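Below is one structure, written out as structure tokens; the observations come after it.
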Amino acid sequence: MGGGRGGGYGGTSNSPLTNNLRDLESKFPRSRNGNFGEKGSRADVRRISSGDSQKSADDFFRIAKRGSEGVEELRPDVYRARFRDGSHVIYRKRSSSDGSPVVEIISKDRKSGRTRRQKIHFVERDTK
């Protein structure tokens, strides 16, 4: 499924989303299986800690949405970037669970028909 480590994300190895996720690796390292951040409280949630979680989430979405067919505001502070291959990236400035910013990646592989999801919460780094 797509390029990158562990099968990666993205519809095809040269899709804009796949290329964007490769670009994100320099600022937001991925695990061996291709996930960004660390394991969260649930199996389907990842966490990226930083000194400024809102800026980190803004930067992540800004790079992830490049080459999309456009960004639409679904409701206040919730945005979706759609890609030609059916993949999309959703950015919520505040999660309903803990108030942290969230980016969700939903990628589709045309060849296999599989969908892969990753939800990433951006949290403030512990200063203790």
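Starting from 1 in every chain, residues are counted up; chains themselves are A, B, ... following the order of the structure tokens, and ligands are numbered from 1 as listed.
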
* Just the strand (DSSP E or B) stuff from chain A, please, per backbone DSSP, written as an MDAnalysis selection string. => chainID A and resid 30 36 38:39 45:50 70:75 78:82 88:92 102:108 115:124

For C-alpha atoms, I'd like the residues from the last selection saved as a PDB file, in the first residue's frame.
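Saved file out-v6.pdb follows:
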```pdb
ATOM      1  CA  ARG A  30       7.132   7.685  12.249  1.00  0.00           C
ATOM      2  CA  PHE A  36       3.196   9.125  13.485  1.00  0.00           C
ATOM      3  CA  GLU A  38       3.451   7.504  20.146  1.00  0.00           C
ATOM      4  CA  LYS A  39       0.680   5.140  21.199  1.00  0.00           C
ATOM      5  CA  VAL A  45      -5.130   6.962  18.663  1.00  0.00           C
ATOM      6  CA  ARG A  46      -1.589   8.340  18.430  1.00  0.00           C
ATOM      7  CA  ARG A  47      -0.048  11.276  20.331  1.00  0.00           C
ATOM      8  CA  ILE A  48       2.527  13.844  19.307  1.00  0.00           C
ATOM      9  CA  SER A  49       3.879  15.938  22.191  1.00  0.00           C
ATOM     10  CA  SER A  50       5.376  19.384  21.682  1.00  0.00           C
ATOM     11  CA  GLY A  70      -9.285  21.655  -1.829  1.00  0.00           C
ATOM     12  CA  VAL A  71     -10.055  22.182   1.809  1.00  0.00           C
ATOM     13  CA  GLU A  72     -13.613  22.559   3.046  1.00  0.00           C
ATOM     14  CA  GLU A  73     -14.790  23.669   6.453  1.00  0.00           C
ATOM     15  CA  LEU A  74     -17.169  20.959   7.665  1.00  0.00           C
ATOM     16  CA  ARG A  75     -18.205  22.962  10.728  1.00  0.00           C
ATOM     17  CA  VAL A  78     -13.106  21.338  11.454  1.00  0.00           C
ATOM     18  CA  TYR A  79     -11.472  21.112   8.015  1.00  0.00           C
ATOM     19  CA  ARG A  80     -11.179  18.339   5.434  1.00  0.00           C
ATOM     20  CA  ALA A  81      -8.656  18.141   2.590  1.00  0.00           C
ATOM     21  CA  ARG A  82      -9.749  15.715  -0.153  1.00  0.00           C
ATOM     22  CA  HIS A  88      -8.494  12.739   2.922  1.00  0.00           C
ATOM     23  CA  VAL A  89      -7.080  14.490   5.966  1.00  0.00           C
ATOM     24  CA  ILE A  90      -9.341  15.969   8.640  1.00  0.00           C
ATOM     25  CA  TYR A  91      -8.169  18.651  11.062  1.00  0.00           C
ATOM     26  CA  ARG A  92     -10.110  19.466  14.226  1.00  0.00           C
ATOM     27  CA  VAL A 102      -6.437  16.335  16.150  1.00  0.00           C
ATOM     28  CA  VAL A 103      -5.420  15.358  12.624  1.00  0.00           C
ATOM     29  CA  GLU A 104      -6.956  12.232  11.135  1.00  0.00           C
ATOM     30  CA  ILE A 105      -5.500  10.607   8.015  1.00  0.00           C
ATOM     31  CA  ILE A 106      -7.786   8.362   5.958  1.00  0.00           C
ATOM     32  CA  SER A 107      -5.966   6.889   2.993  1.00  0.00           C
ATOM     33  CA  LYS A 108      -7.374   4.650   0.289  1.00  0.00           C
ATOM     34  CA  THR A 115      -8.593   1.986   3.835  1.00  0.00           C
ATOM     35  CA  ARG A 116      -6.109   2.916   6.518  1.00  0.00           C
ATOM     36  CA  ARG A 117      -6.848   5.378   9.313  1.00  0.00           C
ATOM     37  CA  GLN A 118      -4.690   7.172  11.822  1.00  0.00           C
ATOM     38  CA  LYS A 119      -5.934   9.661  14.401  1.00  0.00           C
ATOM     39  CA  ILE A 120      -3.246  11.868  15.953  1.00  0.00           C
ATOM     40  CA  HIS A 121      -3.780  14.041  19.033  1.00  0.00           C
ATOM     41  CA  PHE A 122      -1.312  16.900  19.450  1.00  0.00           C
ATOM     42  CA  VAL A 123      -0.638  17.418  23.156  1.00  0.00           C
ATOM     43  CA  GLU A 124       1.513  19.737  25.233  1.00  0.00           C
TER      44      GLU A 124
END
```

* To do: Could you jot down the CA of Gly51 (chain A) to CA of Asp77 (chain A) separation for me, Å, one decimal place?
  =>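 Taking CA of Gly51 (chain A) as the start and CA of Asp77 (chain A) as the end point, the length is 21.3 Å.
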
* To do: Calculate how many Å separate CA of Ser26 (chain A) from CA of Ser112 (chain A), rounding to one decimal.
  =>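 Atom-to-atom, CA of Ser26 (chain A) and CA of Ser112 (chain A) are spaced 28.2 Å apart.
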
* Quick one: distance from CA of Arg114 (chain A) to CA of Lys27 (chain A) in Å, one decimal? ->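 Atom-to-atom, CA of Arg114 (chain A) and CA of Lys27 (chain A) are spaced 27.1 Å apart.
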
* Taking the backbone alone, and naming residues the way the document does, which bits of chain A are helix (DSSP H, G or I) by DSSP, as number ranges by chain? -> A: 5-7, 16-24, 53-64

* Counting only C-alpha atoms, the option among A:Pro16, A:Arg84, A:Arg125, A:Ser96 closest to Arg110 (chain A) ->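 That would be A:Arg84, the residue with the smallest distance to Arg110 (chain A).
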